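Single-structure report; data block below.
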Amino acid sequence: MGEIDVLVISDGVLPLPTEMLAHNAEPAIRAAWLDNMFLPPDAFDWPLNAVVVWSGDQTILLDAGLGLDPDLNLPRAGQLVRRLEAAGVDLGSVTDVVLTHLHMDHIGGLLVDGVKDRVRPDMRIHVAAAEVKFWEAPDFSHTAMPPGFPDALRSAAKRFTKEYRTHLRLFADEHEVAPGVVVRRTGGHTPGHSVIHVSSGGEGLTFAGDAVFAVGFDQPDWHNGFEHDPEEAARVRIRLLRELAASGDLLIATHLPFPSVGRVAVEGEAFRWVPVFWDY
């Protein structure tokens with residue numbers, strides 16, 4: 001994109017119950033949506049994407065994947081470090097990490113044994129101040145997660161903020177990480193959830209983290225089980241999708257099918273995801 005290079009990395013997939021996609025939808029309506037998308041009715045594989053951005057002399061990692069959590073039995077995710085290496089990206093070259101939020105599937109790659117010893121001692125980790133504050137005493141009362149996940153999320157966030165406290169660079173609402181790379185807090189999914197906009201040479205791209213899921217285009221009002229404020233998350237999603245439809249900018253999101261690069265179109269009262277056609 002102009003003077004900026006963007007690389008999408010798959011951290012793997014997370015097998016999760018389908019009700020996580022829309023716990024406020026009637027089961028029959030949710031089942032019909034899944035059937036229409038040729039997806040299984042009970043559980044399916046959520047993609048898990050991260051992004052590397054090169055801007056000027058900065059190498060910027062957007063989110064850090066799941067890492068390893070043997071208690072949750074998710075062996076098909078947590079591939080980020082290995083796949084960065086396969087793509088020729090040295091962990092020690094990463095100057096900045098930008099976190100959309102502190103859920104474990106976005107920070108866990110940095111908690112894998114030995115990783116902290118391999119990153120630069122001056123590596124900066126950019127995250128919204130509201131996000132760090134939230135995880136001091138997180139509220140799960142509006143979520144609908146599978147058993148074990150709240151405890152795992154609490155533990156990962158607590159460990160992460162402790163281990164990387166000296167690396168953290170907190171921002172309030174908006175912060176320019178590098179030329180053409182701006183992170184903006186949206187809230188909703190978590191109080192400090194943020195999206196990252198990349199722009200160069202007249203082109204634009206937004207990494208939306210967990211603001212948009214696969215169901216979020218034609219069913220933007222459906223509540224995801226991992227949203228801590230699902231009603232606000234829906235408002236954030238609709239606002240963001242309207243912005244992307246108007247601008248024509250590219251969209252990448254954590255849990256859209258890899259490589260998840262596409263655009264957004266308005267479709268009646270909702271939206272439509274239009275994946276890019278790749279020139280292989």
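Identifiers for the structure tokens are assigned positionally: chains receive A, B, ... in sequence, residues are indexed from 1 per chain, and ligands are indexed from 1 in the order shown.
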* To do: Among the residues of range 51-253 of chain A, find those DSSP assigns to strand (DSSP E or B) from the backbone and print them as a PyMOL selection string.
  => chain A and resi 51-55+58-62+96-98+124-128+168-171+174-178+181-185+194-200+203-207+250-252
Once you count only C-alpha atoms, what closest atom pair and distance in Å to one decimal does each residue of range 138-175 of chain A within 12 Å of range 73-95 of chain A have, with rows by chain and rising residue number, as a Markdown table?
| residue | atom | partner | partner_atom | distance |
| --- | --- | --- | --- | --- |
| A:Gly148 | CA | A:Asn73 | CA | 10.7 |
| A:Phe149 | CA | A:Asn73 | CA | 11.3 |
| A:Ala152 | CA | A:Asn73 | CA | 11.8 |
| A:His167 | CA | A:Thr95 | CA | 10.7 |
* Name the residues of range 82-270 of chain A that fall into alpha helix (DSSP H) according to DSSP on the backbone, using the chain letters and numbers of this document, as a PyMOL selection string. => chain A and resi 82-86+104-107+115-118+129-134+149-163+230-247
* Which polymer residues have any atom within 7 Å of an atom of Glu131 in chain A, counting only C-alpha atoms, with same-chain residues fewer than 3 positions away left out, as a VMD selection string? -> chain A and resid 101 128 134 to 135 191 to 193
* **Residue among A:Val13, A:Ala22, A:Met123, A:Leu48 lying closest to Ala253 in chain A, counting only C-alpha atoms** => A:Leu48
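Restricting the calculation to only C-alpha atoms, the smallest distance between Ser247 in chain A and any of A:His23, A:Arg235, A:Arg263, A:His106 is found for A:Arg263.
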* Pick from A:Asp63, A:Pro146, A:Arg272, A:Glu243: nearest to Thr18 in chain A, with only C-alpha atoms counted? ->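 That would be A:Pro146, the residue with the smallest distance to Thr18 in chain A.
For Ile125 in chain A, the non-local neighbours within 9 Å, defined as residues at least 3 positions apart in the same chain or in other chains and counting only C-alpha atoms, are Thr95, Asp96, Val97, Val98, Leu99, Tyr164, His167, Leu168, Arg169 and Leu170 of chain A.
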Store the residues of this selection in a file with N, CA and C atoms, as a PDB file, in the first residue's frame.
ATOM      1  N   THR A  95       9.687  -3.590  16.167  1.00  0.00           N
ATOM      2  CA  THR A  95       9.900  -2.388  16.976  1.00  0.00           C
ATOM      3  C   THR A  95       8.673  -2.026  17.804  1.00  0.00           C
ATOM      4  N   ASP A  96       7.490  -2.376  17.276  1.00  0.00           N
ATOM      5  CA  ASP A  96       6.243  -1.975  17.925  1.00  0.00           C
ATOM      6  C   ASP A  96       5.219  -3.098  17.823  1.00  0.00           C
ATOM      7  N   VAL A  97       4.411  -3.226  18.865  1.00  0.00           N
ATOM      8  CA  VAL A  97       3.233  -4.095  18.834  1.00  0.00           C
ATOM      9  C   VAL A  97       2.025  -3.208  19.148  1.00  0.00           C
ATOM     10  N   VAL A  98       0.978  -3.341  18.356  1.00  0.00           N
ATOM     11  CA  VAL A  98      -0.270  -2.629  18.637  1.00  0.00           C
ATOM     12  C   VAL A  98      -1.330  -3.678  18.955  1.00  0.00           C
ATOM     13  N   LEU A  99      -1.977  -3.546  20.099  1.00  0.00           N
ATOM     14  CA  LEU A  99      -2.963  -4.524  20.541  1.00  0.00           C
ATOM     15  C   LEU A  99      -4.364  -3.946  20.414  1.00  0.00           C
ATOM     16  N   TYR A 164       4.976  -7.403  30.744  1.00  0.00           N
ATOM     17  CA  TYR A 164       5.356  -6.416  29.729  1.00  0.00           C
ATOM     18  C   TYR A 164       5.093  -4.971  30.164  1.00  0.00           C
ATOM     19  N   HIS A 167       7.121  -2.205  28.776  1.00  0.00           N
ATOM     20  CA  HIS A 167       7.020  -2.017  27.323  1.00  0.00           C
ATOM     21  C   HIS A 167       5.757  -1.250  26.932  1.00  0.00           C
ATOM     22  N   LEU A 168       4.792  -1.154  27.846  1.00  0.00           N
ATOM     23  CA  LEU A 168       3.492  -0.592  27.496  1.00  0.00           C
ATOM     24  C   LEU A 168       3.574   0.910  27.226  1.00  0.00           C
ATOM     25  N   ARG A 169       2.913   1.318  26.154  1.00  0.00           N
ATOM     26  CA  ARG A 169       2.758   2.730  25.808  1.00  0.00           C
ATOM     27  C   ARG A 169       1.257   2.973  25.678  1.00  0.00           C
ATOM     28  N   LEU A 170       0.663   3.589  26.700  1.00  0.00           N
ATOM     29  CA  LEU A 170      -0.784   3.756  26.756  1.00  0.00           C
ATOM     30  C   LEU A 170      -1.227   5.017  26.028  1.00  0.00           C
TER      31      LEU A 170
END
